[in-house]
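Engineer: Next comes the structure file target.cif, holding mmCIF, C-alpha atoms.
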data_protein
#
loop_
_atom_site.group_PDB
_atom_site.id
_atom_site.type_symbol
_atom_site.label_atom_id
_atom_site.label_comp_id
_atom_site.auth_asym_id
_atom_site.auth_seq_id
_atom_site.Cartn_x
_atom_site.Cartn_y
_atom_site.Cartn_z
ATOM 1 C CA MET A 1 -26.554 1.177 -9.394
ATOM 2 C CA SER A 2 -26.125 3.848 -6.714
ATOM 3 C CA SER A 3 -27.855 3.134 -3.439
ATOM 4 C CA LYS A 4 -29.187 5.089 -0.479
ATOM 5 C CA ARG A 5 -27.932 2.393 1.876
ATOM 6 C CA THR A 6 -24.907 0.147 1.826
ATOM 7 C CA LYS A 7 -25.755 -3.001 -0.130
ATOM 8 C CA VAL A 8 -24.308 -6.402 0.651
ATOM 9 C CA MET A 9 -22.769 -8.568 -2.048
ATOM 10 C CA GLY A 10 -22.336 -12.216 -1.058
ATOM 11 C CA ILE A 11 -19.281 -14.105 -2.298
ATOM 12 C CA ILE A 12 -19.670 -17.588 -3.753
ATOM 13 C CA ASN A 13 -16.515 -19.166 -5.139
ATOM 14 C CA VAL A 14 -17.048 -22.208 -7.348
ATOM 15 C CA THR A 15 -13.325 -22.886 -7.057
ATOM 16 C CA PRO A 16 -11.281 -25.487 -5.164
ATOM 17 C CA ASP A 17 -8.596 -23.038 -4.014
ATOM 18 C CA SER A 18 -10.025 -19.724 -2.796
ATOM 19 C CA PHE A 19 -8.119 -18.270 0.172
ATOM 20 C CA TYR A 20 -11.092 -18.631 2.543
ATOM 21 C CA SER A 21 -12.452 -22.176 2.566
ATOM 22 C CA GLY A 22 -15.866 -21.067 3.838
ATOM 23 C CA SER A 23 -16.666 -19.377 0.523
ATOM 24 C CA ARG A 24 -16.027 -22.465 -1.614
ATOM 25 C CA VAL A 25 -19.049 -24.515 -2.689
ATOM 26 C CA SER A 26 -19.728 -27.512 -4.868
ATOM 27 C CA GLU A 27 -22.586 -27.525 -7.372
ATOM 28 C CA THR A 28 -24.747 -29.549 -4.988
ATOM 29 C CA GLU A 29 -24.227 -27.020 -2.178
ATOM 30 C CA LEU A 30 -24.665 -23.989 -4.421
ATOM 31 C CA LEU A 31 -28.440 -23.517 -4.330
ATOM 32 C CA GLU A 32 -28.586 -24.095 -0.592
ATOM 33 C CA LYS A 33 -25.898 -21.464 -0.046
ATOM 34 C CA VAL A 34 -27.654 -18.935 -2.300
ATOM 35 C CA GLU A 35 -31.004 -19.552 -0.607
ATOM 36 C CA ASP A 36 -29.348 -19.023 2.781
ATOM 37 C CA MET A 37 -27.796 -15.741 1.617
ATOM 38 C CA ILE A 38 -31.126 -14.499 0.231
ATOM 39 C CA GLU A 39 -32.936 -15.373 3.471
ATOM 40 C CA ASN A 40 -30.289 -13.399 5.349
ATOM 41 C CA GLY A 41 -30.791 -10.286 3.255
ATOM 42 C CA VAL A 42 -28.116 -10.356 0.542
ATOM 43 C CA ASP A 43 -28.561 -7.812 -2.282
ATOM 44 C CA ILE A 44 -26.289 -9.335 -4.938
ATOM 45 C CA ILE A 45 -24.647 -12.744 -5.409
ATOM 46 C CA ASP A 46 -21.078 -12.622 -6.747
ATOM 47 C CA ILE A 47 -19.939 -15.794 -8.525
ATOM 48 C CA GLY A 48 -16.243 -16.493 -9.064
ATOM 49 C CA GLY A 49 -14.799 -19.400 -11.025
ATOM 50 C CA GLU A 50 -11.116 -18.486 -10.658
ATOM 51 C CA SER A 51 -9.283 -17.757 -7.431
ATOM 52 C CA THR A 52 -7.577 -14.351 -7.448
ATOM 53 C CA ARG A 53 -5.828 -14.775 -4.114
ATOM 54 C CA PRO A 54 -2.184 -13.622 -4.010
ATOM 55 C CA GLY A 55 0.008 -16.052 -5.959
ATOM 56 C CA ALA A 56 -2.910 -17.733 -7.737
ATOM 57 C CA ASP A 57 -2.390 -19.291 -11.153
ATOM 58 C CA PRO A 58 -4.884 -18.530 -13.935
ATOM 59 C CA VAL A 59 -7.589 -21.109 -14.676
ATOM 60 C CA PRO A 60 -8.030 -22.346 -18.282
ATOM 61 C CA LEU A 61 -10.916 -20.598 -20.050
ATOM 62 C CA GLU A 62 -12.968 -23.779 -20.583
ATOM 63 C CA GLU A 63 -12.736 -24.693 -16.893
ATOM 64 C CA GLU A 64 -13.760 -21.213 -15.740
ATOM 65 C CA ILE A 65 -16.696 -21.262 -18.171
ATOM 66 C CA ARG A 66 -17.775 -24.675 -16.868
ATOM 67 C CA ARG A 67 -17.639 -23.538 -13.246
ATOM 68 C CA THR A 68 -19.092 -20.051 -13.606
ATOM 69 C CA VAL A 69 -21.726 -20.396 -16.302
ATOM 70 C CA THR A 70 -23.074 -23.590 -14.735
ATOM 71 C CA ALA A 71 -23.464 -21.745 -11.442
ATOM 72 C CA VAL A 72 -25.151 -18.724 -13.043
ATOM 73 C CA LYS A 73 -27.562 -20.992 -14.919
ATOM 74 C CA LEU A 74 -28.492 -22.879 -11.735
ATOM 75 C CA ILE A 75 -29.004 -19.744 -9.677
ATOM 76 C CA ARG A 76 -31.011 -17.920 -12.345
ATOM 77 C CA ARG A 77 -33.257 -20.940 -12.854
ATOM 78 C CA ASN A 78 -34.119 -20.949 -9.145
ATOM 79 C CA PHE A 79 -33.818 -17.401 -7.806
ATOM 80 C CA ASP A 80 -34.615 -13.840 -8.803
ATOM 81 C CA ILE A 81 -31.541 -12.167 -7.294
ATOM 82 C CA PRO A 82 -29.017 -9.902 -9.040
ATOM 83 C CA ILE A 83 -25.955 -11.922 -10.069
ATOM 84 C CA SER A 84 -22.474 -10.511 -10.487
ATOM 85 C CA VAL A 85 -19.788 -12.504 -12.299
ATOM 86 C CA ASP A 86 -16.248 -12.141 -10.996
ATOM 87 C CA THR A 87 -14.168 -12.578 -14.161
ATOM 88 C CA TYR A 88 -11.746 -10.701 -16.409
ATOM 89 C CA LYS A 89 -12.398 -13.034 -19.365
ATOM 90 C CA SER A 90 -14.859 -11.693 -21.947
ATOM 91 C CA GLU A 91 -16.185 -15.104 -22.964
ATOM 92 C CA VAL A 92 -16.986 -16.056 -19.368
ATOM 93 C CA ALA A 93 -18.781 -12.721 -18.974
ATOM 94 C CA ARG A 94 -20.672 -13.029 -22.278
ATOM 95 C CA LEU A 95 -21.929 -16.564 -21.628
ATOM 96 C CA SER A 96 -22.870 -15.663 -18.044
ATOM 97 C CA LEU A 97 -24.837 -12.605 -19.172
ATOM 98 C CA GLU A 98 -26.603 -14.786 -21.751
ATOM 99 C CA GLU A 99 -27.663 -17.084 -18.892
ATOM 100 C CA GLY A 100 -29.059 -14.217 -16.830
ATOM 101 C CA ALA A 101 -26.156 -12.636 -14.949
ATOM 102 C CA ASP A 102 -26.563 -8.891 -14.372
ATOM 103 C CA ILE A 103 -23.148 -7.392 -13.538
ATOM 104 C CA ILE A 104 -19.533 -7.875 -14.639
ATOM 105 C CA ASN A 105 -17.015 -7.720 -11.793
ATOM 106 C CA ASP A 106 -13.641 -7.285 -13.531
ATOM 107 C CA ILE A 107 -10.564 -7.206 -11.274
ATOM 108 C CA SER A 108 -8.532 -5.910 -14.236
ATOM 109 C CA ALA A 109 -10.835 -2.920 -14.883
ATOM 110 C CA LEU A 110 -11.260 -3.972 -18.545
ATOM 111 C CA ARG A 111 -7.495 -4.319 -19.122
ATOM 112 C CA PHE A 112 -6.697 -8.052 -19.323
ATOM 113 C CA ASP A 113 -9.095 -8.979 -22.147
ATOM 114 C CA GLU A 114 -9.526 -6.412 -24.918
ATOM 115 C CA LYS A 115 -12.939 -7.836 -25.844
ATOM 116 C CA MET A 116 -14.425 -7.315 -22.371
ATOM 117 C CA VAL A 117 -15.285 -3.670 -23.030
ATOM 118 C CA ASP A 118 -17.289 -4.696 -26.116
ATOM 119 C CA VAL A 119 -19.198 -7.351 -24.162
ATOM 120 C CA ALA A 120 -20.055 -4.838 -21.428
ATOM 121 C CA ALA A 121 -21.134 -2.218 -23.966
ATOM 122 C CA HIS A 122 -23.264 -4.705 -25.911
ATOM 123 C CA TYR A 123 -25.161 -5.948 -22.852
ATOM 124 C CA LYS A 124 -25.369 -2.460 -21.287
ATOM 125 C CA CYS A 125 -24.720 -3.981 -17.871
ATOM 126 C CA PRO A 126 -23.079 -2.399 -14.818
ATOM 127 C CA VAL A 127 -19.348 -3.072 -14.596
ATOM 128 C CA ILE A 128 -17.281 -3.141 -11.418
ATOM 129 C CA ILE A 129 -13.787 -1.897 -12.239
ATOM 130 C CA MET A 130 -11.106 -2.682 -9.694
ATOM 131 C CA HIS A 131 -7.617 -1.313 -9.144
ATOM 132 C CA MET A 132 -4.837 -3.869 -9.058
ATOM 133 C CA LYS A 133 -1.078 -3.553 -9.426
ATOM 134 C CA GLY A 134 0.278 -6.460 -11.499
ATOM 135 C CA THR A 135 -1.649 -9.753 -11.674
ATOM 136 C CA PRO A 136 -2.926 -12.058 -8.902
ATOM 137 C CA LYS A 137 0.249 -14.124 -9.432
ATOM 138 C CA THR A 138 2.593 -11.140 -8.879
ATOM 139 C CA MET A 139 0.589 -8.398 -7.144
ATOM 140 C CA GLN A 140 1.968 -8.902 -3.638
ATOM 141 C CA GLU A 141 5.627 -8.985 -4.662
ATOM 142 C CA ASN A 142 6.608 -5.791 -2.823
ATOM 143 C CA PRO A 143 4.088 -3.280 -4.288
ATOM 144 C CA GLU A 144 5.234 0.355 -4.019
ATOM 145 C CA TYR A 145 3.407 3.692 -4.357
ATOM 146 C CA THR A 146 4.421 7.324 -3.901
ATOM 147 C CA ASP A 147 0.864 8.368 -3.002
ATOM 148 C CA VAL A 148 -1.416 5.345 -3.079
ATOM 149 C CA VAL A 149 -4.769 7.178 -2.960
ATOM 150 C CA ARG A 150 -3.818 9.731 -5.607
ATOM 151 C CA GLU A 151 -2.376 7.024 -7.885
ATOM 152 C CA ILE A 152 -5.501 4.848 -7.610
ATOM 153 C CA ILE A 153 -7.750 7.834 -8.334
ATOM 154 C CA GLU A 154 -5.685 8.716 -11.423
ATOM 155 C CA PHE A 155 -6.036 5.087 -12.520
ATOM 156 C CA PHE A 156 -9.825 5.291 -12.136
ATOM 157 C CA LYS A 157 -10.071 8.572 -14.038
ATOM 158 C CA GLU A 158 -8.326 6.944 -17.009
ATOM 159 C CA ARG A 159 -10.433 3.773 -16.784
ATOM 160 C CA ILE A 160 -13.679 5.744 -16.489
ATOM 161 C CA GLU A 161 -12.820 7.712 -19.639
ATOM 162 C CA PHE A 162 -11.941 4.484 -21.431
ATOM 163 C CA ALA A 163 -15.234 2.855 -20.439
ATOM 164 C CA LYS A 164 -17.314 5.924 -21.315
ATOM 165 C CA SER A 165 -15.623 6.228 -24.713
ATOM 166 C CA HIS A 166 -16.933 2.727 -25.464
ATOM 167 C CA GLY A 167 -20.462 3.546 -24.341
ATOM 168 C CA ILE A 168 -20.322 2.083 -20.834
ATOM 169 C CA GLU A 169 -22.100 4.358 -18.368
ATOM 170 C CA GLN A 170 -22.885 2.144 -15.371
ATOM 171 C CA LEU A 171 -19.637 1.819 -13.457
ATOM 172 C CA ILE A 172 -18.866 0.830 -9.869
ATOM 173 C CA ILE A 173 -15.353 1.475 -8.588
ATOM 174 C CA ASP A 174 -13.457 -0.886 -6.305
ATOM 175 C CA PRO A 175 -10.106 0.355 -4.907
ATOM 176 C CA GLY A 176 -8.939 -3.266 -4.690
ATOM 177 C CA ILE A 177 -8.118 -3.909 -1.045
ATOM 178 C CA GLY A 178 -5.241 -6.405 -0.922
ATOM 179 C CA PHE A 179 -4.646 -6.392 -4.680
ATOM 180 C CA GLY A 180 -1.068 -5.158 -4.999
ATOM 181 C CA LYS A 181 -1.168 -3.333 -1.660
ATOM 182 C CA LYS A 182 0.650 -3.539 1.646
ATOM 183 C CA LEU A 183 -1.156 -2.966 4.943
ATOM 184 C CA GLU A 184 -0.296 0.744 4.911
ATOM 185 C CA HIS A 185 -1.820 1.124 1.432
ATOM 186 C CA ASN A 186 -5.045 -0.597 2.475
ATOM 187 C CA LEU A 187 -5.298 1.576 5.585
ATOM 188 C CA ALA A 188 -4.797 4.719 3.466
ATOM 189 C CA ILE A 189 -7.672 3.682 1.188
ATOM 190 C CA PHE A 190 -10.030 3.361 4.159
ATOM 191 C CA LYS A 191 -8.781 6.564 5.757
ATOM 192 C CA HIS A 192 -9.476 8.547 2.557
ATOM 193 C CA ILE A 193 -12.495 6.617 1.292
ATOM 194 C CA GLU A 194 -14.454 9.825 0.638
ATOM 195 C CA LYS A 195 -11.967 10.746 -2.121
ATOM 196 C CA PHE A 196 -13.177 7.762 -4.143
ATOM 197 C CA LYS A 197 -16.786 8.889 -3.711
ATOM 198 C CA GLU A 198 -15.789 12.214 -5.279
ATOM 199 C CA LEU A 199 -15.313 10.443 -8.626
ATOM 200 C CA GLY A 200 -19.102 10.389 -8.880
ATOM 201 C CA TYR A 201 -19.625 6.638 -9.097
ATOM 202 C CA PRO A 202 -20.780 4.038 -6.561
ATOM 203 C CA VAL A 203 -17.932 2.588 -4.515
ATOM 204 C CA LEU A 204 -17.518 -1.081 -3.610
ATOM 205 C CA ILE A 205 -15.172 -2.382 -0.916
ATOM 206 C CA GLY A 206 -14.124 -6.024 -0.763
ATOM 207 C CA ALA A 207 -12.113 -6.531 2.427
ATOM 208 C CA SER A 208 -13.864 -9.571 3.889
ATOM 209 C CA ARG A 209 -11.451 -11.795 5.868
ATOM 210 C CA LYS A 210 -8.476 -10.400 3.916
ATOM 211 C CA SER A 211 -4.851 -10.309 5.027
ATOM 212 C CA MET A 212 -5.007 -6.688 6.196
ATOM 213 C CA ILE A 213 -7.275 -7.904 8.995
ATOM 214 C CA GLY A 214 -4.917 -10.809 9.646
ATOM 215 C CA MET A 215 -1.979 -8.410 9.918
ATOM 216 C CA ILE A 216 -3.771 -6.132 12.372
ATOM 217 C CA LEU A 217 -5.168 -8.944 14.544
ATOM 218 C CA ASN A 218 -2.607 -11.676 13.853
ATOM 219 C CA LEU A 219 -5.346 -14.150 12.959
ATOM 220 C CA PRO A 220 -5.957 -16.658 10.100
ATOM 221 C CA PRO A 221 -8.836 -16.172 7.582
ATOM 222 C CA GLU A 222 -11.151 -18.415 9.643
ATOM 223 C CA GLU A 223 -10.914 -16.016 12.604
ATOM 224 C CA ARG A 224 -11.288 -12.685 10.810
ATOM 225 C CA LEU A 225 -15.067 -12.214 10.994
ATOM 226 C CA ASN A 226 -14.957 -9.575 13.756
ATOM 227 C CA GLY A 227 -12.336 -7.611 11.858
ATOM 228 C CA THR A 228 -14.459 -7.824 8.720
ATOM 229 C CA LEU A 229 -17.504 -6.496 10.589
ATOM 230 C CA ALA A 230 -15.446 -3.552 11.850
ATOM 231 C CA LEU A 231 -14.544 -2.641 8.262
ATOM 232 C CA THR A 232 -18.158 -3.066 7.137
ATOM 233 C CA ALA A 233 -19.275 -0.708 9.914
ATOM 234 C CA PHE A 234 -16.671 1.823 8.759
ATOM 235 C CA CYS A 235 -17.988 1.511 5.185
ATOM 236 C CA VAL A 236 -21.605 2.075 6.258
ATOM 237 C CA LEU A 237 -20.667 5.152 8.306
ATOM 238 C CA HIS A 238 -18.754 6.544 5.300
ATOM 239 C CA ASN A 239 -21.578 5.861 2.812
ATOM 240 C CA VAL A 240 -19.792 3.198 0.785
ATOM 241 C CA ASP A 241 -22.359 1.797 -1.663
ATOM 242 C CA PHE A 242 -21.449 -1.907 -1.636
ATOM 243 C CA VAL A 243 -19.548 -4.295 0.619
ATOM 244 C CA ARG A 244 -18.485 -7.644 -0.823
ATOM 245 C CA VAL A 245 -18.452 -10.250 1.951
ATOM 246 C CA HIS A 246 -18.285 -13.949 2.771
ATOM 247 C CA ASP A 247 -20.598 -13.851 5.811
ATOM 248 C CA VAL A 248 -23.907 -12.367 4.712
ATOM 249 C CA LYS A 249 -26.005 -12.689 7.876
ATOM 250 C CA GLU A 250 -23.508 -10.990 10.191
ATOM 251 C CA ASN A 251 -22.661 -8.192 7.753
ATOM 252 C CA VAL A 252 -26.318 -7.495 6.930
ATOM 253 C CA GLU A 253 -27.054 -7.140 10.659
ATOM 254 C CA VAL A 254 -24.223 -4.597 11.053
ATOM 255 C CA VAL A 255 -25.555 -2.632 8.077
ATOM 256 C CA LYS A 256 -29.148 -2.671 9.371
ATOM 257 C CA VAL A 257 -28.256 -1.422 12.839
ATOM 258 C CA LEU A 258 -26.053 1.401 11.581
ATOM 259 C CA GLU A 259 -28.495 2.418 8.848
ATOM 260 C CA ALA A 260 -31.257 2.615 11.482
ATOM 261 C CA ILE A 261 -29.156 5.103 13.444
ATOM 262 C CA LYS A 262 -28.125 7.050 10.348
ATOM 263 C CA ASN A 263 -31.718 7.370 9.116
ATOM 264 C CA PHE A 264 -33.311 8.239 12.467
ATOM 265 C CA ASN A 265 -34.813 11.726 12.316
ATOM 266 C CA GLY A 266 -35.467 12.251 16.031
#
What is this file in structure tokens?
Structural biologist:
Amino acid sequence: MSSKRTKVMGIINVTPDSFYSGSRVSETELLEKVEDMIENGVDIIDIGGESTRPGADPVPLEEEIRRTVTAVKLIRRNFDIPISVDTYKSEVARLSLEEGADIINDISALRFDEKMVDVAAHYKCPVIIMHMKGTPKTMQENPEYTDVVREIIEFFKERIEFAKSHGIEQLIIDPGIGFGKKLEHNLAIFKHIEKFKELGYPVLIGASRKSMIGMILNLPPEERLNGTLALTAFCVLHNVDFVRVHDVKENVEVVKVLEAIKNFNG
């Protein structure tokens, strides 16, 4: 899943409570939203059936299956676009892969559900493993690190070995912007992004409209598009493989312009 250019993953939350209202869609709006993203150049659609915003409560398994698998089924029936499923529950992942999903996006890095590693190994699909301190419910309750970048890299080394020992080879690493991190921790991740590339796996950054932007600009989620585009530009210039975003059109345009400059041989 490595890429010569930064690829854009579009966020679709089939949830009633995601932190950014613009990413939430009903079933009737779903296909229209996906079609719009595809027309605007999205590379991957990421479907989430449980909000993982700070303080979020878990969703019952049956409800997450209903939301997520229904969405995957609808999208796969109508579009030929790679689909990522944002879940840490093995049964949601398994049923979604059965319906044509392509990638597991696990915020727990295969830790919250012991069966997830077996599902990923069986389907031989790429797995996004993310760093998070605590759970979505508790992660922002004063997270502390001695050396945030070093600690996250050590975490990934252990998780990579775990995944490989179970036969999983296709991994994408996500440092987990905003997941158990203060502003200073998020800034350190960006500042030292090349250290994550040194692990030898594609890197994904999901910072779209997140609180780090709000803290820097003192703006609510609805007004954080410009800040998001600044972070996307930084990612492109530092050869990050994937950016996970709410606003596909604007982010794709940033990527295209910067890639044109990067690839110009004059």
Engineer: Nearest residue to Glu99 of chain A out of A:Thr70, A:Gln170, A:Arg111, A:Arg5, using all atoms listed in the file?
Structural biologist: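 For Glu99 of chain A, the nearest of the candidates is A:Thr70.
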Engineer: Skipping near chain neighbours, those fewer than 5 positions away, what residues fall within 10 Å of Arg77 of chain A using only C-alpha atoms, listed as a PDB file with C-alpha atoms, in the coordinates of the input?
Structural biologist:
ATOM      1  CA  ALA A  71     -23.464 -21.745 -11.442  1.00  0.00           C
ATOM      2  CA  VAL A  72     -25.151 -18.724 -13.043  1.00  0.00           C
ATOM      3  CA  GLU A  99     -27.663 -17.084 -18.892  1.00  0.00           C
ATOM      4  CA  GLY A 100     -29.059 -14.217 -16.830  1.00  0.00           C
TER       5      GLY A 100
END
Engineer: Excluding Leu183 of chain A and any residue of its chain fewer than 5 positions from it, enumerate the residues within 8 Å of it, using only C-alpha atoms, and give them as a list of chain:residue names.
Structural biologist: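 Listed by chain and then number, they are A:Gly178, A:Met212, A:Met215.
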Engineer: Go ahead and find all residues with at least one atom no further than 8 Å from (-24.8, -1.1, 7.3) in the file's coordinates, using all atoms listed in the file; report them as JSON, numbers by chain.
Structural biologist: {"A": [5, 6, 7, 232, 233, 235, 236, 237, 251, 252, 253, 254, 255, 256, 257, 258, 259]}
Engineer: Go through A:Asn78, A:Ser84, A:Asn40, A:Asn142 one by one, measure the shortest atom-to-atom distance of each to Ile12 of chain A using all atoms listed in the file, and give the residue with the smallest value.
Structural biologist: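 Looking only at the distances to Ile12 of chain A, the closest residue turns out to be A:Ser84.
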Engineer: Which of these, A:Glu250, A:Val148, A:Ile177, A:Val240, has the shortest distance to Asn226 of chain A once you count only C-alpha atoms?
Structural biologist: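 Residue with the minimum atom-to-atom distance to Asn226 of chain A: A:Glu250.
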Engineer: Rounded to one decimal, what separation in Å do you get between atom CA of Lys210 of chain A and atom CA of Ile104 of chain A?
Structural biologist: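 Taking atom CA of Lys210 of chain A as the start and atom CA of Ile104 of chain A as the end point, the length is 21.7 Å.
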Engineer: Go through A:Cys125, A:Ile65, A:Ile173, A:Val14 and flag the residue nearest Asp46 of chain A, using only C-alpha atoms for the distances.
Structural biologist: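 Of A:Cys125, A:Ile65, A:Ile173, A:Val14, the one nearest Asp46 of chain A, counting only C-alpha atoms, is A:Val14.
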Engineer: Could the centre and edge lengths of an axis-aligned box, enclosing all atoms of segment 228-237 of chain A in the file with 3 Å extra on each side, be given in Å to one decimal as JSON?
Structural biologist:
{"center_x": -18.0, "center_y": -1.3, "center_z": 8.5, "size_x": 13.1, "size_y": 19.0, "size_z": 12.7}
Engineer: Step by step, work through what the PyMOL selection byres ((chain A and resi 56) around 12) selects in the shown file, and finish by giving those residues as a PyMOL selection string.
Structural biologist: chain A and resi 15-19+50-55+57-59+135-140+179
